[in-house]
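Below: the structure, in structure tokens.
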Amino acid sequence: MEFIPAKTIISGYAEHNTWFGNNYNINIYKGCCHGCIYCDSRSECYRIDDFDIVRAKKDAIALINKELKSKKRTGVIGTGAMSDPYNPFEKQYSLTRGALELINIHGFGASIATKSDLIIRDIDILKKIKNHSPVLIKITITTCDDLLCRKIEPFVATSSKRFSAIKELSDNGIFAGILLMPVLPFLEDNEDNISGIVNLAYENGAKFIYPAFGVTLRQNQRDWYYKKLDETFPGIKQKYIHQFGNNYECRSPKAKVLWQLFQRECDKFGILYKMEDIIQAYKQEYKENQLSLF
């Protein structure tokens, strides 16, 4: 793995971030080797050359330690927005684990997005962070069918392994749930898939599911996606061209019906799905602890 220079790793403070309430963001890795056919981070606007090659920022742990020491305000640090913090190289280099250890030492919270079951390795540190700050784990799952998963996300843990990771996290008191996005039109946007995911989420202790019934396509990412559709799902590309043209947002034609089904199933099982409810729920215990100090 190549190490690339970096002057800073942690973003500036955001007071009212509507994306899961993150106050800061960290991206230790650049690029991703999961091979997901739909990944928007492949888009030209992000300027990531050779996207399928994972690189790490040089001296990342020392930089993070220095930056956390200098922060005047604590808060929740998010990671996983641009590159999965639990890519296969993390097993060897443990950079994400090192960052979490520092997040714990300096009294910050953590909000992690991943598609890897490697996250269960770090349950011990996540529990330590939870003792003083909010912890939120978002595991992306877009299909409950492992065979379909292998076609659209070829080099990542199967959906069944990700559901198992959610169960292990939940059993250890970690607030964990599902990012149900993207739901690929003509491939995943059917009632059996959505109800299946909600049922498995409930069975494995997921606290929330946040959905998007469609996919975004732009620039070279669209070209890549269409190439992969032709390779694996012949005829589906033509449906996209006919239905969406060059639209950036490709919303499932069944989105309204799927939303009604999804909402009904989540309400039945007590699973959260509104952003404001998710943020309030995972931060509530921390707020109560803070109030108790006074």
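Labels for the structure tokens follow display order: chains A, B, ..., residues from 1 in each chain, ligands from 1.
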Could you give me, as a PyMOL selection string, the residues within 10 Å of A:Lys7, counting only C-alpha atoms and dropping anything in the same chain fewer than 6 positions from it?
chain A and resi 57-60+63
So that I can check the surroundings of A:Thr142, please list as a ChimeraX atom specification every protein, DNA and RNA residue that reaches within 7 Å of it, counting only C-alpha atoms and ignoring chain neighbours fewer than 2 positions away.
/A:140,180-183
Given the selection you just returned, output its residues as a file containing all heavy atoms, formatted as a PDB file, in the first residue's frame.
ATOM      1  N   THR A 140     -23.601  -0.354   5.540  1.00  0.00           N
ATOM      2  CA  THR A 140     -24.345  -0.336   4.289  1.00  0.00           C
ATOM      3  C   THR A 140     -24.759  -1.745   3.887  1.00  0.00           C
ATOM      4  O   THR A 140     -23.934  -2.641   3.790  1.00  0.00           O
ATOM      5  CB  THR A 140     -23.497   0.284   3.161  1.00  0.00           C
ATOM      6  OG1 THR A 140     -23.180   1.634   3.493  1.00  0.00           O
ATOM      7  CG2 THR A 140     -24.267   0.276   1.842  1.00  0.00           C
ATOM      8  N   LEU A 180     -29.390   1.847   3.927  1.00  0.00           N
ATOM      9  CA  LEU A 180     -30.029   1.124   2.831  1.00  0.00           C
ATOM     10  C   LEU A 180     -29.939   2.000   1.580  1.00  0.00           C
ATOM     11  O   LEU A 180     -30.918   2.581   1.121  1.00  0.00           O
ATOM     12  CB  LEU A 180     -31.481   0.803   3.196  1.00  0.00           C
ATOM     13  CG  LEU A 180     -32.368   0.101   2.150  1.00  0.00           C
ATOM     14  CD1 LEU A 180     -31.719  -1.159   1.622  1.00  0.00           C
ATOM     15  CD2 LEU A 180     -33.739  -0.174   2.730  1.00  0.00           C
ATOM     16  N   MET A 181     -28.739   2.116   1.046  1.00  0.00           N
ATOM     17  CA  MET A 181     -28.507   2.988  -0.107  1.00  0.00           C
ATOM     18  C   MET A 181     -27.193   2.624  -0.779  1.00  0.00           C
ATOM     19  O   MET A 181     -26.232   2.278  -0.103  1.00  0.00           O
ATOM     20  CB  MET A 181     -28.484   4.451   0.327  1.00  0.00           C
ATOM     21  CG  MET A 181     -27.438   4.819   1.396  1.00  0.00           C
ATOM     22  SD  MET A 181     -27.404   6.572   1.800  1.00  0.00           S
ATOM     23  CE  MET A 181     -28.987   6.745   2.642  1.00  0.00           C
ATOM     24  N   PRO A 182     -27.168   2.677  -2.111  1.00  0.00           N
ATOM     25  CA  PRO A 182     -28.330   2.916  -2.963  1.00  0.00           C
ATOM     26  C   PRO A 182     -29.150   1.648  -3.145  1.00  0.00           C
ATOM     27  O   PRO A 182     -28.613   0.546  -3.073  1.00  0.00           O
ATOM     28  CB  PRO A 182     -27.685   3.327  -4.282  1.00  0.00           C
ATOM     29  CG  PRO A 182     -26.406   2.554  -4.320  1.00  0.00           C
ATOM     30  CD  PRO A 182     -25.919   2.521  -2.892  1.00  0.00           C
ATOM     31  N   VAL A 183     -30.445   1.823  -3.382  1.00  0.00           N
ATOM     32  CA  VAL A 183     -31.297   0.713  -3.799  1.00  0.00           C
ATOM     33  C   VAL A 183     -31.384   0.798  -5.318  1.00  0.00           C
ATOM     34  O   VAL A 183     -32.017   1.701  -5.866  1.00  0.00           O
ATOM     35  CB  VAL A 183     -32.693   0.798  -3.156  1.00  0.00           C
ATOM     36  CG1 VAL A 183     -33.603  -0.306  -3.697  1.00  0.00           C
ATOM     37  CG2 VAL A 183     -32.587   0.692  -1.635  1.00  0.00           C
TER      38      VAL A 183
END
Spatial neighbours of A:Lys115, 10 Å, only C-alpha atoms, chain gap at least 3 places, as JSON, numbers by chain
{"A": [34, 80, 84, 85, 86, 87, 118, 119, 138, 139, 140, 141, 153, 156, 157, 158, 159, 161, 162, 165, 178, 179]}
Could you name the residues that touch stretch 193-204 of chain A at 12 Å or less, counting only C-alpha atoms, but leaving out those on the same chain fewer than 5 positions away, as a PyMOL selection string?
chain A and resi 139-146+148-149+159-171+176-188+209-213+254-255+257-273
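In this model, the gap between atom CA of A:Ile123 and atom CA of A:Leu100 comes to 10.5 Å.
Ranking A:Leu68, A:Met82, A:Ile152, A:Ile236 by their shortest atom-to-atom distance to A:Gly35, with only C-alpha atoms included, puts A:Ile152 first.
For the pair atom CA of A:His132 and atom CA of A:Asn172, the separation is 15.7 Å.
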Quick one: residues within 10 Å of A:Tyr93, only C-alpha atoms counted, chain neighbours fewer than 5 positions away excluded, as a list in words?
Met1, Ala56, Pro88 and Gly98 of chain A
Could you write out that same residue set with C-alpha atoms as a short mmCIF file (atom, residue, chain, number, x, y, z; two decimals), in the first residue's frame?
data_model
loop_
_atom_site.label_atom_id
_atom_site.label_comp_id
_atom_site.auth_asym_id
_atom_site.auth_seq_id
_atom_site.Cartn_x
_atom_site.Cartn_y
_atom_site.Cartn_z
CA MET A 1 0.00 0.00 0.00
CA ALA A 56 -3.17 5.85 3.24
CA PRO A 88 -8.62 -5.03 3.64
CA GLY A 98 -5.31 3.73 16.07
#
Quick one: pick out all helix (DSSP H, G or I) residues within stretch 139-264 of chain A from a backbone DSSP run and write them as a PyMOL selection string.
chain A and resi 146-152+159-171+191-203+219-232+236-244+255-264
Could those selected residues go to a file with C-alpha atoms, as an mmCIF file, in the first residue's frame?
data_model
loop_
_atom_site.group_PDB
_atom_site.id
_atom_site.type_symbol
_atom_site.label_atom_id
_atom_site.label_comp_id
_atom_site.auth_asym_id
_atom_site.auth_seq_id
_atom_site.Cartn_x
_atom_site.Cartn_y
_atom_site.Cartn_z
ATOM 1 C CA ASP A 146 -25.698 -12.811 -0.937
ATOM 2 C CA LEU A 147 -25.561 -13.918 -4.577
ATOM 3 C CA LEU A 148 -26.708 -10.504 -5.793
ATOM 4 C CA CYS A 149 -24.404 -8.857 -3.259
ATOM 5 C CA ARG A 150 -21.423 -10.663 -4.770
ATOM 6 C CA LYS A 151 -22.300 -9.239 -8.197
ATOM 7 C CA ILE A 152 -22.746 -5.597 -7.185
ATOM 8 C CA SER A 159 -24.765 -9.053 3.336
ATOM 9 C CA SER A 160 -25.179 -11.990 5.727
ATOM 10 C CA LYS A 161 -21.798 -11.246 7.309
ATOM 11 C CA ARG A 162 -22.746 -7.588 7.674
ATOM 12 C CA PHE A 163 -26.018 -8.516 9.386
ATOM 13 C CA SER A 164 -23.980 -10.717 11.764
ATOM 14 C CA ALA A 165 -21.686 -7.772 12.485
ATOM 15 C CA ILE A 166 -24.706 -5.628 13.376
ATOM 16 C CA LYS A 167 -25.871 -8.311 15.786
ATOM 17 C CA GLU A 168 -22.484 -8.512 17.495
ATOM 18 C CA LEU A 169 -22.276 -4.730 17.784
ATOM 19 C CA SER A 170 -25.819 -4.502 19.146
ATOM 20 C CA ASP A 171 -25.245 -7.352 21.585
ATOM 21 C CA GLU A 191 -40.848 -5.606 -2.188
ATOM 22 C CA ASP A 192 -39.171 -8.896 -1.265
ATOM 23 C CA ASN A 193 -35.748 -7.257 -0.943
ATOM 24 C CA ILE A 194 -36.943 -4.301 1.144
ATOM 25 C CA SER A 195 -39.111 -6.352 3.506
ATOM 26 C CA GLY A 196 -36.332 -8.936 3.742
ATOM 27 C CA ILE A 197 -33.785 -6.329 4.826
ATOM 28 C CA VAL A 198 -36.137 -4.851 7.434
ATOM 29 C CA ASN A 199 -36.892 -8.304 8.868
ATOM 30 C CA LEU A 200 -33.201 -9.257 9.047
ATOM 31 C CA ALA A 201 -32.401 -5.865 10.575
ATOM 32 C CA TYR A 202 -34.898 -6.557 13.349
ATOM 33 C CA GLU A 203 -33.636 -10.106 13.904
ATOM 34 C CA GLN A 219 -19.460 11.697 -15.031
ATOM 35 C CA ASN A 220 -17.142 8.690 -15.311
ATOM 36 C CA GLN A 221 -19.018 6.925 -12.528
ATOM 37 C CA ARG A 222 -22.022 6.576 -14.851
ATOM 38 C CA ASP A 223 -19.772 5.086 -17.549
ATOM 39 C CA TRP A 224 -18.302 2.634 -15.049
ATOM 40 C CA TYR A 225 -21.730 1.613 -13.755
ATOM 41 C CA TYR A 226 -23.124 1.063 -17.239
ATOM 42 C CA LYS A 227 -20.053 -0.998 -18.182
ATOM 43 C CA LYS A 228 -20.586 -3.231 -15.155
ATOM 44 C CA LEU A 229 -24.301 -3.561 -15.897
ATOM 45 C CA ASP A 230 -23.495 -4.755 -19.424
ATOM 46 C CA GLU A 231 -21.019 -7.291 -18.014
ATOM 47 C CA THR A 232 -23.246 -8.713 -15.299
ATOM 48 C CA ILE A 236 -30.537 -3.372 -17.612
ATOM 49 C CA LYS A 237 -28.486 -0.434 -18.942
ATOM 50 C CA GLN A 238 -31.077 0.191 -21.638
ATOM 51 C CA LYS A 239 -33.758 0.452 -18.942
ATOM 52 C CA TYR A 240 -31.717 3.145 -17.180
ATOM 53 C CA ILE A 241 -31.209 5.127 -20.374
ATOM 54 C CA HIS A 242 -34.908 4.938 -21.211
ATOM 55 C CA GLN A 243 -36.107 5.752 -17.679
ATOM 56 C CA PHE A 244 -33.545 8.337 -16.532
ATOM 57 C CA ALA A 255 -39.976 4.493 -4.713
ATOM 58 C CA LYS A 256 -43.392 5.571 -3.408
ATOM 59 C CA VAL A 257 -44.692 2.022 -2.995
ATOM 60 C CA LEU A 258 -41.405 0.855 -1.464
ATOM 61 C CA TRP A 259 -41.350 3.754 0.996
ATOM 62 C CA GLN A 260 -44.855 2.896 2.213
ATOM 63 C CA LEU A 261 -43.861 -0.756 2.662
ATOM 64 C CA PHE A 262 -40.584 0.203 4.351
ATOM 65 C CA GLN A 263 -42.260 2.641 6.735
ATOM 66 C CA ARG A 264 -44.949 0.127 7.672
#
Would you list, as a ChimeraX atom specification, the residues of stretch 86-227 of chain A that end up in strand (DSSP E or B) under DSSP run on this structure's backbone?
/A:109-114,135-140,176-180,208-211,214-216
With distances taken over only C-alpha atoms, the candidate from A:Asp49, A:Ser43, A:Phe208, A:Glu90 nearest A:Glu276 is A:Phe208
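As for atom CA of A:Asn25 and atom CA of A:Thr216, they are spaced 22.3 Å apart.
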A:Leu102 environment, 9 Å, only C-alpha atoms, sequence neighbours closer than 3 positions dropped, as a VMD selection string
chain A and resid 61 64 to 65 68 97 to 99 105 to 108
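In this comparison, which uses only C-alpha atoms, the residue of A:Gly205, A:Lys283, A:Gly109, A:Cys36 approaching A:Gly78 most closely is A:Gly109.
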